[in-house]
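Structure file query23.txt; described as compact mmCIF, C-alpha atoms.
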```
# COMPACT_ATOMS: atom_id res chain seq x y z
CA THR S 22 13.34 -2.27 -6.06
CA GLN S 23 16.15 -0.69 -4.02
CA PHE S 24 18.63 -3.36 -5.13
CA PHE S 25 17.59 -2.82 -8.76
CA LEU S 26 18.05 0.96 -8.57
CA LYS S 27 21.38 0.64 -6.77
CA ASP S 28 23.02 -2.36 -8.46
CA ASP S 29 21.48 -2.52 -11.94
CA LEU S 30 21.02 1.19 -12.67
CA GLY S 31 23.87 2.40 -10.44
CA LEU S 32 21.90 5.35 -9.02
CA GLU S 33 23.16 7.56 -6.23
CA PRO S 34 21.10 7.63 -3.00
CA ALA S 35 19.57 11.06 -3.70
CA VAL S 36 18.49 10.05 -7.21
CA ALA S 37 17.10 6.73 -6.00
CA GLN S 38 15.12 8.56 -3.30
CA LEU S 39 13.71 10.93 -5.94
CA VAL S 40 12.68 7.99 -8.13
CA LEU S 41 10.91 6.25 -5.25
CA THR S 42 9.24 9.48 -4.08
CA THR S 43 7.92 10.12 -7.59
CA ALA S 44 6.72 6.55 -7.86
CA HIS S 45 4.77 6.90 -4.61
CA LEU S 46 2.71 9.89 -5.80
CA PRO S 47 -0.34 7.82 -6.91
CA TRP S 48 -0.97 6.93 -3.25
CA ASN S 49 -1.57 10.60 -2.43
CA VAL S 50 -4.80 10.84 -4.43
CA LYS S 51 -6.50 7.61 -3.39
CA PRO S 52 -9.87 9.30 -2.68
CA LEU S 53 -10.06 10.18 -6.37
CA TYR S 54 -9.94 6.51 -7.37
CA GLY S 55 -12.66 5.73 -4.86
CA MET S 56 -15.00 8.39 -6.22
CA VAL S 57 -14.40 7.27 -9.80
CA SER S 58 -14.99 3.56 -9.07
CA ASP S 59 -18.06 4.34 -6.94
CA ASN S 60 -19.74 6.44 -9.61
CA PHE S 61 -18.58 5.08 -12.96
CA ALA S 62 -19.20 1.43 -13.74
CA LEU S 63 -16.73 -0.21 -16.10
CA CYS S 64 -18.12 -3.02 -18.25
CA GLY S 65 -21.10 -3.28 -15.89
CA THR S 66 -19.17 -3.58 -12.62
CA LYS S 67 -17.61 -1.16 -10.13
CA ARG S 68 -15.13 -3.49 -8.45
CA GLN S 69 -14.24 -6.48 -10.61
CA SER S 70 -13.48 -4.57 -13.80
CA TYR S 71 -11.30 -1.97 -12.07
CA LEU S 72 -9.32 -4.74 -10.37
CA ILE S 73 -8.73 -6.48 -13.68
CA VAL S 74 -7.54 -3.28 -15.37
CA ALA S 75 -5.30 -2.44 -12.39
CA THR S 76 -3.83 -5.94 -12.36
CA ILE S 77 -3.02 -5.87 -16.08
CA LEU S 78 -1.49 -2.41 -15.65
CA GLY S 79 0.60 -3.65 -12.73
CA ALA S 80 1.82 -6.76 -14.52
CA GLY S 81 2.72 -4.69 -17.59
CA SER S 82 4.67 -2.14 -15.56
CA LEU S 83 6.65 -4.86 -13.76
CA PHE S 84 7.46 -6.51 -17.08
CA GLY S 85 8.55 -3.11 -18.39
CA MET S 86 10.83 -2.67 -15.38
CA ALA S 87 12.52 -5.97 -16.14
CA TRP S 88 12.80 -5.49 -19.90
CA LEU S 89 13.05 -1.77 -20.66
CA ALA S 90 14.16 0.12 -17.53
CA GLN S 91 17.70 1.28 -18.29
CA THR S 92 17.60 4.82 -16.88
CA ALA S 93 16.20 6.54 -13.80
CA ALA S 94 13.52 8.31 -15.86
CA ILE S 95 12.19 5.10 -17.44
CA ALA S 96 12.26 3.33 -14.07
CA SER S 97 10.28 6.23 -12.56
CA VAL S 98 7.56 5.84 -15.19
CA PHE S 99 7.17 2.10 -14.67
CA LEU S 100 7.32 2.33 -10.87
CA PHE S 101 4.77 5.17 -10.94
CA THR S 102 2.47 3.02 -13.09
CA ASN S 103 2.90 0.02 -10.82
CA ASN S 104 2.10 2.08 -7.72
CA LEU S 105 -0.96 3.47 -9.50
CA SER S 106 -2.20 -0.07 -10.17
CA VAL S 107 -1.61 -1.11 -6.54
CA ALA S 108 -3.26 2.04 -5.17
CA VAL S 109 -6.36 1.54 -7.33
CA SER S 110 -6.56 -2.12 -6.29
CA ASP S 111 -6.19 -1.12 -2.64
CA VAL S 112 -9.03 1.41 -2.86
CA VAL S 113 -11.34 -1.00 -4.67
CA MET S 114 -10.71 -3.78 -2.18
CA ASP S 115 -11.22 -1.40 0.75
CA ALA S 116 -14.59 -0.51 -0.76
CA LYS S 117 -15.43 -4.20 -1.04
CA VAL S 118 -14.46 -4.73 2.61
CA VAL S 119 -16.78 -1.87 3.62
CA GLU S 120 -19.64 -3.41 1.62
CA GLU S 121 -19.15 -6.77 3.30
CA ALA S 122 -18.74 -5.17 6.75
CA ARG S 123 -22.18 -3.55 6.46
CA LYS S 124 -23.68 -7.03 6.51
CA GLU S 125 -22.44 -7.34 10.13
CA PRO S 126 -22.96 -3.89 11.69
CA GLU S 127 -21.69 -4.91 15.14
CA ASP S 128 -18.26 -6.42 14.55
CA GLY S 129 -18.06 -6.77 10.78
CA ALA S 130 -15.78 -3.81 10.10
CA GLY S 131 -13.24 -4.65 12.80
CA ASN S 132 -13.14 -8.35 12.02
CA LEU S 133 -12.78 -7.88 8.27
CA GLN S 134 -10.11 -5.21 8.62
CA SER S 135 -8.14 -7.39 11.04
CA PHE S 136 -8.49 -10.38 8.74
CA SER S 137 -7.41 -8.31 5.71
CA TRP S 138 -4.31 -7.01 7.49
CA THR S 139 -3.44 -10.49 8.75
CA VAL S 140 -3.63 -11.94 5.25
CA LEU S 141 -1.65 -9.00 3.87
CA SER S 142 1.02 -9.50 6.53
CA ALA S 143 1.23 -13.22 5.85
CA GLY S 144 1.63 -12.57 2.12
CA GLY S 145 4.28 -9.93 2.78
CA LEU S 146 6.13 -12.30 5.10
CA ILE S 147 6.26 -15.03 2.47
CA GLY S 148 7.14 -12.57 -0.31
CA SER S 149 9.95 -10.96 1.69
CA ALA S 150 11.45 -14.32 2.56
CA ALA S 151 11.37 -15.42 -1.08
CA ALA S 152 12.68 -12.07 -2.36
CA GLY S 153 15.92 -12.26 -0.41
CA VAL S 154 16.74 -15.65 -1.86
CA ALA S 155 15.62 -14.67 -5.37
CA ILE S 156 17.75 -11.51 -5.48
CA VAL S 157 20.87 -13.49 -4.60
CA THR S 158 19.99 -16.38 -6.92
CA ILE S 159 18.65 -14.75 -10.10
CA GLY S 160 19.31 -11.02 -9.61
CA PRO S 161 17.02 -7.98 -9.12
CA ARG S 162 16.00 -7.59 -12.78
CA ALA S 163 14.89 -11.20 -13.11
CA VAL S 164 12.82 -10.82 -9.94
CA PHE S 165 10.64 -8.29 -11.79
CA TYR S 166 9.85 -10.93 -14.44
CA VAL S 167 8.69 -13.28 -11.69
CA MET S 168 6.65 -10.54 -10.04
CA ALA S 169 4.99 -9.69 -13.36
CA ALA S 170 3.96 -13.31 -13.89
CA VAL S 171 2.60 -13.66 -10.34
CA THR S 172 0.70 -10.36 -10.62
CA ALA S 173 -0.90 -11.48 -13.88
CA LEU S 174 -2.30 -14.53 -12.08
CA VAL S 175 -4.37 -12.22 -9.85
CA VAL S 176 -6.71 -11.72 -12.83
CA LEU S 177 -7.84 -15.32 -12.37
CA ALA S 178 -8.61 -14.73 -8.70
CA VAL S 179 -10.58 -11.56 -9.46
CA ARG S 180 -13.03 -13.59 -11.52
CA PHE S 181 -14.21 -15.26 -8.30
CA LEU S 182 -15.13 -11.91 -6.73
CA GLU S 183 -18.89 -11.79 -6.27
CA GLU S 184 -20.51 -8.59 -7.55
CA THR S 185 -23.96 -7.69 -8.82
CA PRO S 186 -23.81 -6.11 -12.29
CA VAL S 187 -24.71 -2.42 -12.40
CA THR S 188 -27.62 -1.36 -14.61
CA ASP S 189 -29.59 1.85 -15.18
CA GLU S 190 -27.37 4.08 -13.05
CA PRO S 191 -26.95 7.79 -13.91
CA VAL S 192 -23.78 8.49 -15.85
CA GLY S 193 -21.88 11.76 -15.54
CA CYS S 194 -19.92 13.93 -13.14
CA GLY S 195 -22.95 14.91 -11.07
CA PRO S 196 -22.81 11.99 -8.60
CA CYS S 197 -19.03 12.31 -8.32
CA CYS S 198 -19.24 16.05 -7.53
CA LYS S 199 -22.00 15.35 -5.01
CA GLN S 200 -19.80 12.77 -3.29
CA LEU S 201 -16.87 15.21 -3.25
CA GLY S 202 -19.10 17.82 -1.61
CA ALA S 203 -20.11 15.29 1.04
CA VAL S 204 -16.44 14.54 1.75
CA LEU S 205 -15.64 18.24 2.14
CA ARG S 206 -18.59 18.74 4.47
CA THR S 207 -17.47 15.76 6.54
CA LEU S 208 -13.97 17.17 6.86
CA ARG S 209 -15.42 20.34 8.43
CA ASN S 210 -16.61 18.24 11.36
CA PRO S 211 -14.09 18.68 14.22
CA LEU S 212 -14.43 14.98 15.07
CA ILE S 213 -13.09 14.19 11.60
CA PHE S 214 -10.88 17.20 10.91
CA ARG S 215 -8.76 16.99 14.07
CA PRO S 216 -7.75 13.29 13.73
CA THR S 217 -7.10 13.85 10.02
CA LEU S 218 -4.86 16.81 10.80
CA TRP S 219 -3.05 14.76 13.44
CA ILE S 220 -2.43 11.91 10.98
CA PHE S 221 -1.17 14.39 8.38
CA LEU S 222 1.19 16.12 10.80
CA SER S 223 2.49 12.89 12.30
CA THR S 224 3.34 11.68 8.79
CA ALA S 225 4.67 14.97 7.42
CA CYS S 226 6.90 15.57 10.45
CA SER S 227 8.53 12.13 10.14
CA PRO S 228 10.97 12.36 7.21
CA SER S 229 11.80 9.10 5.47
CA PHE S 230 15.44 8.10 5.22
CA TYR S 231 14.80 4.54 4.14
CA THR S 232 16.70 4.78 0.85
CA PHE S 233 19.71 6.42 2.47
CA MET S 234 19.64 3.82 5.25
CA PHE S 235 19.47 1.08 2.61
CA TYR S 236 22.68 2.37 0.99
CA PHE S 237 24.26 2.63 4.44
CA TYR S 238 23.30 -0.96 5.26
CA THR S 239 24.65 -2.37 2.00
CA ASP S 240 27.69 -0.15 1.32
CA GLU S 241 28.96 0.63 4.81
CA LEU S 242 27.74 -2.31 6.89
CA HIS S 243 27.86 -4.78 3.95
CA ILE S 244 24.59 -6.40 4.94
CA GLU S 245 23.49 -9.17 2.57
CA PRO S 246 20.13 -9.13 0.73
CA THR S 247 18.98 -12.19 2.65
CA PHE S 248 19.45 -10.38 5.97
CA ILE S 249 17.56 -7.31 4.74
CA ALA S 250 14.77 -9.65 3.64
CA THR S 251 14.83 -11.15 7.13
CA LEU S 252 14.26 -7.68 8.60
CA ASN S 253 11.18 -7.32 6.38
CA VAL S 254 9.98 -10.74 7.49
CA VAL S 255 10.28 -9.64 11.13
CA GLY S 256 8.28 -6.51 10.31
CA TYR S 257 5.43 -8.47 8.73
CA ALA S 258 5.52 -10.97 11.60
CA ALA S 259 5.08 -8.03 13.98
CA LEU S 260 2.01 -6.94 11.99
CA ILE S 261 0.50 -10.39 12.45
CA VAL S 262 1.23 -10.30 16.18
CA GLY S 263 -0.32 -6.85 16.40
CA ASN S 264 -3.51 -8.05 14.72
CA VAL S 265 -3.72 -11.04 17.06
CA LEU S 266 -3.21 -8.83 20.14
CA TYR S 267 -5.84 -6.36 18.96
CA ASN S 268 -8.44 -9.07 18.38
CA ALA S 269 -7.64 -10.79 21.66
CA TYR S 270 -7.27 -7.89 24.08
CA LEU S 271 -7.80 -4.43 22.54
CA LYS S 272 -11.16 -4.54 20.77
CA LYS S 273 -12.91 -2.87 23.69
CA VAL S 274 -10.14 -0.34 24.33
CA SER S 275 -10.66 3.27 23.20
CA PHE S 276 -8.98 4.20 19.92
CA ARG S 277 -7.64 7.31 21.62
CA VAL S 278 -5.77 5.17 24.17
CA ILE S 279 -4.42 2.84 21.48
CA PHE S 280 -3.24 5.74 19.31
CA PHE S 281 -1.53 7.43 22.27
CA TRP S 282 0.51 4.40 23.34
CA ALA S 283 1.21 3.32 19.76
CA GLN S 284 2.51 6.79 18.86
CA LEU S 285 4.62 6.92 22.03
CA ALA S 286 6.12 3.49 21.32
CA HIS S 287 6.82 4.51 17.71
CA ALA S 288 8.63 7.66 18.86
CA LEU S 289 10.75 5.70 21.35
CA MET S 290 11.66 3.07 18.76
CA SER S 291 12.61 5.81 16.29
CA LEU S 292 14.98 7.29 18.87
CA LEU S 293 16.58 3.89 19.44
CA GLU S 294 17.13 3.48 15.71
```
Output the structure of this file as structure tokens.
Amino acid sequence: TQFFLKDDLGLEPAVAQLVLTTAHLPWNVKPLYGMVSDNFALCGTKRQSYLIVATILGAGSLFGMAWLAQTAAIASVFLFTNNLSVAVSDVVMDAKVVEEARKEPEDGAGNLQSFSWTVLSAGGLIGSAAAGVAIVTIGPRAVFYVMAAVTALVVLAVRFLEETPVTDEPVGCGPCCKQLGAVLRTLRNPLIFRPTLWIFLSTACSPSFYTFMFYFYTDELHIEPTFIATLNVVGYAALIVGNVLYNAYLKKVSFRVIFFWAQLAHALMSLLE
């Protein structure tokens, strides 16, 4: 995406950052998607149908990026739509993971989450490696055509998702409002509110300069796309290593201890950068 905004559209760093920030907005209201999918069945299902709609929306937005995106405004619309589709898919799959984890109350949640992140990291590793070569070979715009085709294939995989059809459930905003009230009551609990506030502050107090750094890497340091893809590969490989270490040695360690040392290491690495 950064190569497309910089090389194909010729955007300045500040404009590119604005486009990407706007595109990321759908991730900020993820709880809304969860409440909607939990309380409103679509074509008789609460998971499968939403994933199909999100996948079609994502494939369409990627195709639009490749075919129609000629200005920053149009690119913002398609990137916003694509992030919306990914965010909805992420929420629905998280809900499915929770449902499956309840079948193994002892270790189900931890094992499934670790497995999900490992698979995600492996996919990101492969995708990042292929993206670097593809950008050099066929160009950023053509990469969006490939991504659209690959995303469309996810519809076939969704059909294998096991789900019991929903029948005779109450329809309306009542259940959704009730769930929202339960969320608000939960947030008043200090055991929930304090970690949530910490996560918010740790994120809000860490400004993102990724787009500006990307322009610095490519314009000032003249780093090639393949090398930037290699950096992403290393990042996903680190995620896999982290999952392996957690499953092997840290399952019995307090979350408070893990968060403390992880945050400290993150701060030190940020200073080094």
Exercise for the section: Find the residues near range 57-72 of chain S: any atom within 12 Å, counting all atoms listed in the file, skip ones fewer than 5 places away on the same chain, and give them as a ChimeraX atom specification. Expected result: /S:50-52,77-79,105-118,120,172-173,175-201
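For the set S:Trp219, S:Tyr231, S:Trp138, S:Tyr54, the residue with the smallest atom-to-atom gap to Thr42 in chain S is S:Tyr231, counting only C-alpha atoms.
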Fill in the blank from the handout: Residue with the minimum atom-to-atom distance to Tyr236 in chain S, picked from S:Ala75, S:Leu53, S:Met86, S:Val36 with only C-alpha atoms counted, is S:Val36
Problem - 12 Å contact set for Phe136 in chain S, all atoms listed in the file, chain neighbours under 5 positions out, as JSON, numbers by chain - result: {"S": [118, 122, 129, 130, 131, 141, 142, 143, 260, 261, 263, 264, 265, 267, 268]}
Near-range 251-257 of chain S list (9 Å; all atoms listed in the file; drop same-chain fewer than 3 positions) as a JSON list (two decimals) with C-alpha atoms, in the frame of the given file:
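In the end it all went to selection.json:
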```json
[["chain", "number", "residue", "atom", "x", "y", "z"],
["S", 141, "LEU", "CA", -1.65, -9.00, 3.87],
["S", 142, "SER", "CA", 1.02, -9.50, 6.53],
["S", 143, "ALA", "CA", 1.23, -13.22, 5.85],
["S", 144, "GLY", "CA", 1.63, -12.57, 2.12],
["S", 145, "GLY", "CA", 4.28, -9.93, 2.78],
["S", 146, "LEU", "CA", 6.13, -12.30, 5.10],
["S", 147, "ILE", "CA", 6.26, -15.03, 2.47],
["S", 148, "GLY", "CA", 7.14, -12.57, -0.31],
["S", 149, "SER", "CA", 9.95, -10.96, 1.69],
["S", 150, "ALA", "CA", 11.45, -14.32, 2.56],
["S", 153, "GLY", "CA", 15.92, -12.26, -0.41],
["S", 246, "PRO", "CA", 20.13, -9.13, 0.73],
["S", 247, "THR", "CA", 18.98, -12.19, 2.65],
["S", 248, "PHE", "CA", 19.45, -10.38, 5.97],
["S", 260, "LEU", "CA", 2.01, -6.94, 11.99],
["S", 261, "ILE", "CA", 0.50, -10.39, 12.45],
["S", 262, "VAL", "CA", 1.23, -10.30, 16.18]]
```
Handout entry: Gap from CA of Ala288 in chain S to CA of Thr232 in chain S - Å, one decimal
Key = 19.9 Å
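Here CA of Phe25 in chain S and CA of Arg162 in chain S stand 6.4 Å from one another.
What separates CA of Val98 in chain S from CA of Phe235 in chain S is a distance of 21.9 Å.
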